[in-house]
$ cat upload-v3.txt   # compact mmCIF, C-alpha atoms
# COMPACT_ATOMS: atom_id res chain seq x y z
CA MET P 1 125.57 128.39 88.90
CA SER P 2 122.11 129.05 90.26
CA GLY P 3 121.79 132.14 88.13
CA ASN P 4 120.89 130.31 84.92
CA THR P 5 118.16 128.03 86.44
CA SER P 6 114.52 129.01 86.95
CA PRO P 7 113.72 131.80 89.43
CA SER P 8 111.68 129.34 91.60
CA SER P 9 114.88 127.47 92.46
CA PRO P 10 115.37 128.73 96.05
CA THR P 11 111.77 127.81 96.98
CA ARG P 12 112.24 124.42 95.38
CA ARG P 13 115.44 123.82 97.25
CA ARG P 14 113.78 124.83 100.51
CA LEU P 15 110.93 122.41 99.72
CA LEU P 16 113.42 119.61 99.02
CA MET P 17 115.16 120.33 102.31
CA ALA P 18 111.86 120.36 104.22
CA THR P 19 110.49 117.10 102.80
CA PRO P 20 112.70 114.70 104.79
CA LEU P 21 112.17 116.77 107.92
CA VAL P 22 108.39 116.66 107.50
CA LEU P 23 108.49 112.90 106.80
CA ALA P 24 110.66 112.27 109.85
CA GLY P 25 108.32 114.39 111.94
CA ALA P 26 105.24 112.52 110.70
CA THR P 27 106.91 109.16 111.45
CA GLY P 28 107.81 110.42 114.91
CA VAL P 29 104.22 111.45 115.62
CA ALA P 30 102.95 108.08 114.37
CA PHE P 31 105.37 106.17 116.62
CA TRP P 32 104.55 108.39 119.56
CA ARG P 33 100.84 107.72 119.08
CA MET P 34 101.47 103.96 118.87
CA LEU P 35 103.57 103.96 122.02
CA SER P 36 101.19 106.13 124.03
CA GLY P 37 98.33 103.92 122.82
CA MET P 38 100.22 100.90 124.11
CA THR P 39 100.73 102.45 127.54
CA HIS P 40 97.10 103.59 127.78
CA GLY P 41 95.79 100.29 126.48
CA SER P 42 94.00 101.72 123.45
CA PHE P 43 96.46 100.08 121.05
CA ASP P 44 97.66 96.49 121.34
CA PRO P 45 99.85 95.13 118.56
CA HIS P 46 99.16 91.58 119.72
CA ASP P 47 95.41 92.06 119.47
CA ILE P 48 93.66 89.55 117.27
CA HIS P 49 90.76 91.48 115.81
CA ALA P 50 88.13 88.88 116.40
CA PRO P 51 85.99 88.38 113.31
CA VAL P 52 83.35 86.70 115.49
CA LEU P 53 81.96 90.06 116.62
CA ASP P 54 78.32 90.69 115.67
CA ARG P 55 77.99 87.14 114.42
CA ALA P 56 75.90 84.35 115.91
CA VAL P 57 77.80 81.98 118.19
CA PRO P 58 79.42 79.12 116.25
CA ASP P 59 77.84 75.67 116.17
CA PHE P 60 78.95 73.61 119.12
CA ASN P 61 77.58 71.27 121.71
CA LEU P 62 79.68 70.56 124.75
CA PRO P 63 79.20 68.09 127.60
CA ASP P 64 78.67 68.97 131.25
CA GLN P 65 81.57 70.02 133.39
CA ALA P 66 80.85 69.21 137.03
CA PRO P 67 79.49 70.84 139.15
CA SER P 68 77.27 72.45 136.48
CA GLN P 69 75.38 71.66 133.34
CA GLY P 70 76.95 71.93 129.86
CA PHE P 71 75.50 73.87 126.94
CA GLY P 72 75.59 74.32 123.21
CA ALA P 73 74.96 76.91 120.52
CA ALA P 74 71.19 76.27 120.67
CA ASP P 75 71.09 77.29 124.37
CA LEU P 76 72.86 80.57 123.66
CA ARG P 77 70.73 81.36 120.59
CA ALA P 78 67.54 80.82 122.64
CA LEU P 79 68.57 83.53 125.13
CA LYS P 80 66.49 86.67 125.62
CA THR P 81 68.97 88.44 127.93
CA PRO P 82 72.73 88.90 127.69
CA VAL P 83 75.14 86.28 129.03
CA LEU P 84 78.91 86.29 129.43
CA VAL P 85 80.74 83.25 128.08
CA ASN P 86 84.13 82.78 129.74
CA TYR P 87 86.77 80.35 128.50
CA PHE P 88 88.93 79.22 131.43
CA ALA P 89 91.26 76.45 132.56
CA SER P 90 92.53 75.28 135.92
CA TRP P 91 96.10 75.48 134.58
CA CYS P 92 95.78 79.16 133.65
CA ILE P 93 97.12 81.73 136.13
CA PRO P 94 95.24 84.82 134.79
CA CYS P 95 92.05 82.74 135.14
CA VAL P 96 92.73 82.36 138.86
CA ALA P 97 93.28 86.12 139.06
CA GLU P 98 89.96 87.01 137.41
CA MET P 99 87.80 84.69 139.55
CA PRO P 100 87.02 87.24 142.34
CA THR P 101 86.03 89.76 139.66
CA LEU P 102 83.76 87.24 137.96
CA ASN P 103 82.21 86.37 141.32
CA ALA P 104 81.43 90.04 141.87
CA LEU P 105 79.92 90.31 138.38
CA LYS P 106 77.69 87.21 138.37
CA ALA P 107 74.80 88.98 140.16
CA GLN P 108 74.50 91.49 137.31
CA VAL P 109 74.97 89.19 134.33
CA PRO P 110 74.97 85.39 134.26
CA ILE P 111 78.36 83.87 133.39
CA TRP P 112 78.62 80.60 131.53
CA GLY P 113 82.02 78.92 131.67
CA ILE P 114 83.78 76.66 129.19
CA ALA P 115 86.67 74.64 130.60
CA TYR P 116 89.40 74.61 127.93
CA LYS P 117 91.63 71.53 127.60
CA ASP P 118 91.19 70.61 131.21
CA LYS P 119 90.86 67.35 133.09
CA PRO P 120 87.27 67.18 134.49
CA GLU P 121 88.42 66.71 138.08
CA HIS P 122 90.93 69.58 137.83
CA ALA P 123 88.34 71.94 136.38
CA MET P 124 85.83 70.97 139.07
CA GLY P 125 88.34 71.53 141.87
CA PHE P 126 89.32 74.89 140.39
CA VAL P 127 85.74 76.11 140.10
CA GLN P 128 84.83 74.99 143.61
CA ARG P 129 87.90 76.58 145.18
CA ALA P 130 87.13 79.82 143.35
CA GLY P 131 83.55 80.00 144.66
CA ASN P 132 81.98 79.05 141.30
CA PRO P 133 81.02 82.21 139.38
CA TYR P 134 79.39 80.14 136.64
CA ALA P 135 75.68 79.44 136.09
CA ARG P 136 76.56 76.68 133.62
CA ILE P 137 79.85 75.03 132.75
CA ALA P 138 80.69 73.05 129.62
CA ALA P 139 83.85 71.10 128.92
CA ASP P 140 85.87 71.66 125.72
CA ARG P 141 88.37 68.87 126.33
CA ASP P 142 90.13 68.76 122.95
CA GLY P 143 89.88 72.53 122.46
CA LEU P 144 88.29 72.22 119.01
CA ALA P 145 85.15 74.21 119.81
CA ALA P 146 87.47 77.01 120.97
CA ILE P 147 88.92 77.24 117.45
CA ASP P 148 85.43 77.89 116.06
CA TRP P 149 85.07 80.70 118.60
CA GLY P 150 88.43 82.12 117.47
CA VAL P 151 89.93 81.56 120.91
CA SER P 152 93.73 81.80 121.00
CA GLY P 153 94.23 81.19 124.72
CA VAL P 154 92.62 81.42 128.13
CA PRO P 155 91.04 83.41 129.59
CA GLU P 156 88.83 84.77 126.83
CA THR P 157 85.42 86.26 127.38
CA PHE P 158 82.50 86.90 125.03
CA LEU P 159 79.38 88.93 125.72
CA ILE P 160 76.44 87.22 124.06
CA GLY P 161 73.41 89.35 123.26
CA PRO P 162 69.82 88.16 122.76
CA GLY P 163 69.56 85.61 119.96
CA GLY P 164 73.09 84.35 120.59
CA ILE P 165 74.90 87.20 118.82
CA ILE P 166 78.46 87.86 120.01
CA ARG P 167 78.53 91.56 120.94
CA TRP P 168 81.87 91.98 122.64
CA HIS P 169 85.05 90.03 123.16
CA THR P 170 88.29 90.26 125.10
CA ALA P 171 91.36 88.05 125.27
CA ALA P 172 92.46 89.73 128.51
CA PRO P 173 91.41 88.90 132.06
CA ILE P 174 88.26 90.67 133.24
CA THR P 175 89.04 93.60 135.52
CA GLU P 176 86.78 95.81 137.63
CA GLU P 177 87.57 98.67 135.29
CA LEU P 178 86.48 96.64 132.24
CA ILE P 179 83.24 95.76 134.01
CA ARG P 180 82.52 99.37 134.92
CA THR P 181 83.54 101.03 131.66
CA THR P 182 82.58 98.41 129.08
CA ILE P 183 80.70 95.30 130.17
CA LEU P 184 77.92 96.75 132.34
CA PRO P 185 77.06 99.62 129.95
CA LEU P 186 76.87 97.09 127.09
CA VAL P 187 74.74 94.71 129.17
CA ASP P 188 72.33 97.54 130.01
CA ARG P 189 72.04 98.48 126.36
CA LEU P 190 71.46 94.85 125.30
CA LYS P 191 68.73 94.41 127.93
CA GLN P 192 66.59 97.15 126.40
CA MET E 1 127.75 38.27 122.16
CA THR E 2 128.61 41.77 123.24
CA VAL E 3 129.85 42.51 119.73
CA ARG E 4 126.48 41.55 118.29
CA ILE E 5 124.64 43.79 120.74
CA LEU E 6 127.01 46.62 119.91
CA ARG E 7 126.47 46.11 116.20
CA ARG E 8 122.68 46.14 116.65
CA ALA E 9 122.90 49.30 118.68
CA LEU E 10 124.99 50.90 115.95
CA ILE E 11 122.53 49.87 113.25
CA ALA E 12 119.65 51.25 115.31
CA LEU E 13 121.54 54.49 115.82
CA ALA E 14 122.32 54.74 112.10
CA LEU E 15 118.64 54.14 111.28
CA CYS E 16 117.67 56.93 113.67
CA PHE E 17 119.99 59.33 111.88
CA MET E 18 118.75 58.23 108.47
CA LEU E 19 115.10 58.68 109.44
CA ALA E 20 115.61 61.90 111.33
CA PRO E 21 115.36 64.24 108.30
CA LEU E 22 112.02 62.66 107.36
CA VAL E 23 110.61 63.28 110.81
CA ALA E 24 112.21 66.63 111.46
CA GLY E 25 110.22 68.31 108.67
CA ALA E 26 107.98 70.50 110.74
CA VAL E 27 105.70 68.57 113.02
CA ASP E 28 106.72 67.44 116.49
CA ASP E 29 105.22 64.04 116.22
CA PRO E 30 105.32 61.85 113.08
CA SER E 31 101.87 60.51 113.93
CA GLU E 32 100.52 63.97 113.07
CA MET E 33 101.61 63.59 109.45
CA LEU E 34 99.22 62.54 106.71
CA PRO E 35 99.96 59.15 105.11
CA ASP E 36 99.83 60.64 101.60
CA PRO E 37 103.10 62.56 101.03
CA ALA E 38 101.53 64.91 98.48
CA GLN E 39 98.76 65.85 100.91
CA GLU E 40 101.25 66.21 103.77
CA GLN E 41 103.32 68.56 101.60
CA ARG E 42 100.24 70.66 100.89
CA ALA E 43 99.30 70.74 104.55
CA GLU E 44 102.82 71.94 105.41
CA ALA E 45 102.63 74.63 102.73
CA ILE E 46 99.33 75.89 104.12
CA GLY E 47 100.53 75.67 107.70
CA SER E 48 103.67 77.67 106.94
CA GLN E 49 101.39 80.54 105.84
CA LEU E 50 99.36 80.49 109.06
CA ARG E 51 100.42 82.51 112.08
CA CYS E 52 100.63 80.78 115.42
CA LEU E 53 98.35 82.95 117.57
CA VAL E 54 100.33 82.19 120.70
CA CYS E 55 103.86 82.96 119.50
CA GLN E 56 102.61 85.33 116.77
CA ASN E 57 105.83 85.57 114.74
CA GLU E 58 106.02 81.86 114.06
CA SER E 59 103.99 79.80 111.65
CA ILE E 60 101.92 76.96 113.06
CA GLU E 61 104.29 74.54 111.33
CA ASP E 62 107.25 75.95 113.28
CA SER E 63 105.57 76.47 116.63
CA SER E 64 105.30 73.87 119.34
CA ALA E 65 102.46 75.68 121.12
CA ASP E 66 99.41 73.61 121.95
CA LEU E 67 97.10 75.70 119.80
CA ALA E 68 99.51 75.45 116.85
CA ARG E 69 99.40 71.68 117.15
CA ASP E 70 95.60 71.75 117.16
CA LEU E 71 95.55 74.01 114.11
CA ARG E 72 98.02 71.75 112.27
CA HIS E 73 95.68 68.88 113.00
CA VAL E 74 92.69 70.84 111.70
CA VAL E 75 94.59 71.80 108.51
CA ARG E 76 95.44 68.12 107.90
CA GLU E 77 91.83 67.08 108.47
CA HIS E 78 90.64 69.59 105.88
CA VAL E 79 93.36 68.61 103.39
CA ALA E 80 92.54 64.92 103.83
CA LYS E 81 88.90 65.76 103.07
CA GLY E 82 90.11 67.07 99.71
CA GLU E 83 89.65 70.80 100.32
CA SER E 84 91.69 73.29 98.29
CA ASN E 85 94.38 75.50 99.89
CA ARG E 86 92.04 78.44 99.41
CA GLN E 87 89.21 76.70 101.26
CA VAL E 88 91.42 75.84 104.24
CA MET E 89 92.79 79.39 104.35
CA ASP E 90 89.27 80.87 104.23
CA TRP E 91 88.19 78.56 107.06
CA MET E 92 91.03 79.89 109.21
CA VAL E 93 90.46 83.55 108.29
CA ASP E 94 86.77 83.11 109.09
CA ARG E 95 87.72 82.26 112.69
CA TYR E 96 90.85 84.29 113.38
CA GLY E 97 90.65 87.08 110.83
CA ASN E 98 93.39 88.17 108.42
CA PHE E 99 95.72 88.32 111.41
CA ILE E 100 96.30 84.57 111.06
CA ARG E 101 97.72 85.01 107.55
CA LEU E 102 101.47 85.54 107.59
CA ARG E 103 101.14 86.97 104.08
CA PRO E 104 98.59 89.78 104.46
CA PRO E 105 96.04 90.16 101.66
CA LEU E 106 95.93 93.31 99.53
CA THR E 107 93.36 95.55 101.20
CA ALA E 108 93.00 99.31 101.71
CA GLY E 109 94.86 98.92 105.01
CA THR E 110 97.80 97.01 103.51
CA LEU E 111 98.00 98.90 100.22
CA LEU E 112 100.99 100.99 101.30
CA LEU E 113 102.75 97.88 102.61
CA TRP E 114 102.40 96.06 99.29
CA LEU E 115 103.18 99.10 97.13
CA MET E 116 106.21 100.19 99.15
CA PRO E 117 108.83 98.22 97.11
CA VAL E 118 107.46 99.68 93.86
CA LEU E 119 107.32 103.18 95.37
CA ALA E 120 110.87 102.88 96.68
CA LEU E 121 112.08 101.70 93.27
CA LEU E 122 110.33 104.54 91.46
CA VAL E 123 111.73 107.16 93.84
CA GLY E 124 115.20 105.65 93.46
CA VAL E 125 114.98 105.67 89.65
CA ALA E 126 113.72 109.27 89.67
CA VAL E 127 116.58 110.41 91.91
CA ALA E 128 119.13 108.55 89.79
CA LEU E 129 117.77 109.98 86.54
CA ARG E 130 117.92 113.51 87.91
CA ALA E 131 121.49 113.00 89.03
CA PHE E 132 122.58 111.57 85.67
CA ARG E 133 120.84 114.19 83.58
CA ARG E 134 122.27 117.17 85.44
CA PRO E 135 125.11 118.72 83.32
CA ARG E 136 128.46 117.80 84.81
CA THR E 137 130.31 120.97 83.79
CA THR E 138 129.36 123.95 85.83
CA SER E 139 129.16 127.35 84.09
CA SER E 140 132.62 128.93 83.60
CA PRO E 141 133.73 131.60 86.09
CA PRO E 142 133.52 135.28 84.99
CA PRO E 143 136.54 136.51 83.01
CA LEU E 144 139.43 138.06 84.92
CA THR E 145 139.41 141.76 85.50
CA ASP E 146 142.36 143.89 84.30
CA ALA E 147 143.71 144.13 87.83
CA GLU E 148 143.57 140.35 88.28
CA ARG E 149 145.28 139.77 84.94
CA ALA E 150 148.05 142.20 85.83
CA ARG E 151 148.56 140.45 89.19
CA LEU E 152 148.65 137.05 87.46
CA ASP E 153 151.21 138.30 84.97
CA ASP E 154 153.24 139.68 87.83
CA LEU E 155 153.14 136.35 89.68
CA THR E 156 154.04 134.17 86.70
CA ARG E 157 156.72 136.43 85.29
CA PRO E 158 160.10 134.65 85.36
CA ARG E 159 162.65 136.43 87.58

$ encode --input "upload-v3.txt" --output "C-alpha cells"
Amino acid sequence: MSGNTSPSSPTRRRLLMATPLVLAGATGVAFWRMLSGMTHGSFDPHDIHAPVLDRAVPDFNLPDQAPSQGFGAADLRALKTPVLVNYFASWCIPCVAEMPTLNALKAQVPIWGIAYKDKPEHAMGFVQRAGNPYARIAADRDGLAAIDWGVSGVPETFLIGPGGIIRWHTAAPITEELIRTTILPLVDRLKQ
Amino acid sequence: MTVRILRRALIALALCFMLAPLVAGAVDDPSEMLPDPAQEQRAEAIGSQLRCLVCQNESIEDSSADLARDLRHVVREHVAKGESNRQVMDWMVDRYGNFIRLRPPLTAGTLLLWLMPVLALLVGVAVALRAFRRPRTTSSPPPLTDAERARLDDLTRPR
C-alpha cells in the first residue's frame, strides 16, 4: 500500500500528523499570553485605544463648575507645563475612590476637573467633601464635549503636554502605582 | 356611562398596541426619532453599526446606556444636517477609533479575520479533492504461496 508511493511518504505523514499539534500548541500559547496579560494588566480586551493620543485637545468651551473656574481648549493649548484633565461625576463610585490619590498628586501636577453629566450642586458638594483636588473645574452638563474627547465613562484622565497635546490617557481610576510608574515619569519628561 | 368609558379605554388600548411597533423600532423615546422617515432609517442603519462603548457587544441602537443615547442623538444631528453615512462613521471613528465600528475595517491587523472564511473554504476544498482523487481500490495482496494454496484446498475440500 505504501510501497508504491514516493519514498518521502513517512516524513510527509509525520508532518501531517504534527501540523494540528503545532497549531493547537500555538493557539494555546496565544491564549495563555492573553490570559496572563489580563491578570497582569498589560492586556485589556475592553480597552478603547484612544485615537486622541498625541493630538491637540478637541475644541470645547465649558462653563464654570463651582467652586472653581471653568476652561476651554484655548486655556489648555496656552499651557507651558503639563496638566492632568480628569473627567468625574458625583454619581460615579470609582471617582470617589480616586479622590485621595488625586489629592496626593495635585502638588506635583495641576489637575483640572470636568464634571460629567452632573447637577451643579451635586458636583460642588462632591468636590468639597473630597477636599477639592482640582485647580479648575468645568461643567460638561450634556456630556457632548466628552464625546469629542472620546470619553466612554467616568473617571477618565488625560495628561496634557505643553501646547495642549494629549500625551497619555486612561479610562481606569488613578492609582498610586499608576502615578509612580507612569504619570510622574511622563510629567518629568514633558517638563523638560 | 360605564360602557362608554370602557369602550374608550379599549380603543386607547388598541391604539397603543397598533402604535407600539412604530415606537419599538430601536430608540427608547419616540421624541429621539427624526421626523423624516428616510433619514430616521438611515440613522438607525448607521447606529446599528456603531458599538456602544459601555456595553461593548451591543450597538448604540440596541443599548439603553446613557452614552448610547447621546451617540444616537449625535448621529441623528449629523444625518439631519445632510451628511453621508461615511461622514458620520468617520466622525465617530475620529473620536473612538475603529473600536466603535461593529464591522471592523480591512487593515493589516484584521486581515486574517476577514480572510478566514476564504482560507477555510480553500483548505476544505483541498482536503476534499485529495480524498476524492485517491484511488479507491488498494493494491491487491501478494499471491498465495504453495503452502497456503494447499491449506486452502484442504479446507475447502468436500468431505

$ interface_residues --input "upload-v3.txt" --of "chain P" --to "chain E" --cutoff "6 Å" --atoms "all atoms listed in the file" --output "PyMOL selection string"
chain P and resi 51+148+150+152

$ closest_residue --input "upload-v3.txt" --among "P:Lys117, P:Arg189, P:Arg129, P:Lys106" --to "Ile147 in chain P" --atoms "all atoms listed in the file"
P:Lys117

$ closest_residue --input "upload-v3.txt" --among "P:Val85, P:Leu62, P:Ile174, P:Leu53" --to "Thr101 in chain P" --atoms "all atoms listed in the file"
P:Ile174

$ atom_distance --input "upload-v3.txt" --atom1 "CA of Ala171 in chain P" --atom2 "CA of Ile46 in chain E"
25.7 Å

$ residues_around --input "upload-v3.txt" --residues "range 38-44 of chain P" --least-positions-apart "5" --cutoff "12 Å" --atoms "all atoms listed in the file" --output "PyMOL selection string"
chain P and resi 31-33+49+170-172+178

$ atom_distance --input "upload-v3.txt" --atom1 "CA of His78 in chain E" --atom2 "CA of Glu61 in chain E"
15.5 Å

$ atom_distance --input "upload-v3.txt" --atom1 "CA of Asp140 in chain P" --atom2 "CA of Ser59 in chain E"
24.3 Å

$ residues_around --input "upload-v3.txt" --residues "Asn61 in chain P" --least-positions-apart "3" --cutoff "7 Å" --atoms "only C-alpha atoms" --output "number ranges by chain"
P: 71-73

$ residues_around --input "upload-v3.txt" --residues "Gly82 in chain E" --least-positions-apart "6" --cutoff "10 Å" --atoms "only C-alpha atoms" --output "MDAnalysis selection string"
chainID E and resid 39 76 88

$ closest_residue --input "upload-v3.txt" --among "P:Ala139, P:Leu21, P:Leu84, P:Ala30" --to "Leu159 in chain P" --atoms "all atoms listed in the file"
P:Leu84

$ residues_around --input "upload-v3.txt" --residues "Arg51 in chain E" --least-positions-apart "6" --cutoff "7 Å" --atoms "only C-alpha atoms" --output "list of chain:residue names"
E:Asn57, E:Glu58, E:Ser59, E:Ile60, E:Ile100, E:Arg101, E:Leu102

$ write_last_selection --input "upload-v3.txt" --atoms "C-alpha atoms" --output "short mmCIF file (atom, residue, chain, number, x, y, z; two decimals), in the frame of the given file"
data_model
loop_
_atom_site.label_atom_id
_atom_site.label_comp_id
_atom_site.auth_asym_id
_atom_site.auth_seq_id
_atom_site.Cartn_x
_atom_site.Cartn_y
_atom_site.Cartn_z
CA ASN E 57 105.83 85.57 114.74
CA GLU E 58 106.02 81.86 114.06
CA SER E 59 103.99 79.80 111.65
CA ILE E 60 101.92 76.96 113.06
CA ILE E 100 96.30 84.57 111.06
CA ARG E 101 97.72 85.01 107.55
CA LEU E 102 101.47 85.54 107.59
#

$ closest_residue --input "upload-v3.txt" --among "P:Arg180, P:Arg55, P:Arg141, P:His122" --to "Ala104 in chain P" --atoms "only C-alpha atoms"
P:Arg180

$ residues_around --input "upload-v3.txt" --residues "Met124 in chain P" --least-positions-apart "4" --cutoff "7 Å" --atoms "all atoms listed in the file" --output "list in words"
Ala66, Pro67, Pro120 and Gln128 of chain P

$ axis_aligned_box --input "upload-v3.txt" --around "range 37-42 of chain E" --padding-each-side "6 Å" --output "lines of an AutoDock Vina configuration file"
center_x = 101.0
center_y = 66.6
center_z = 101.1
size_x = 16.6
size_y = 20.1
size_z = 17.3
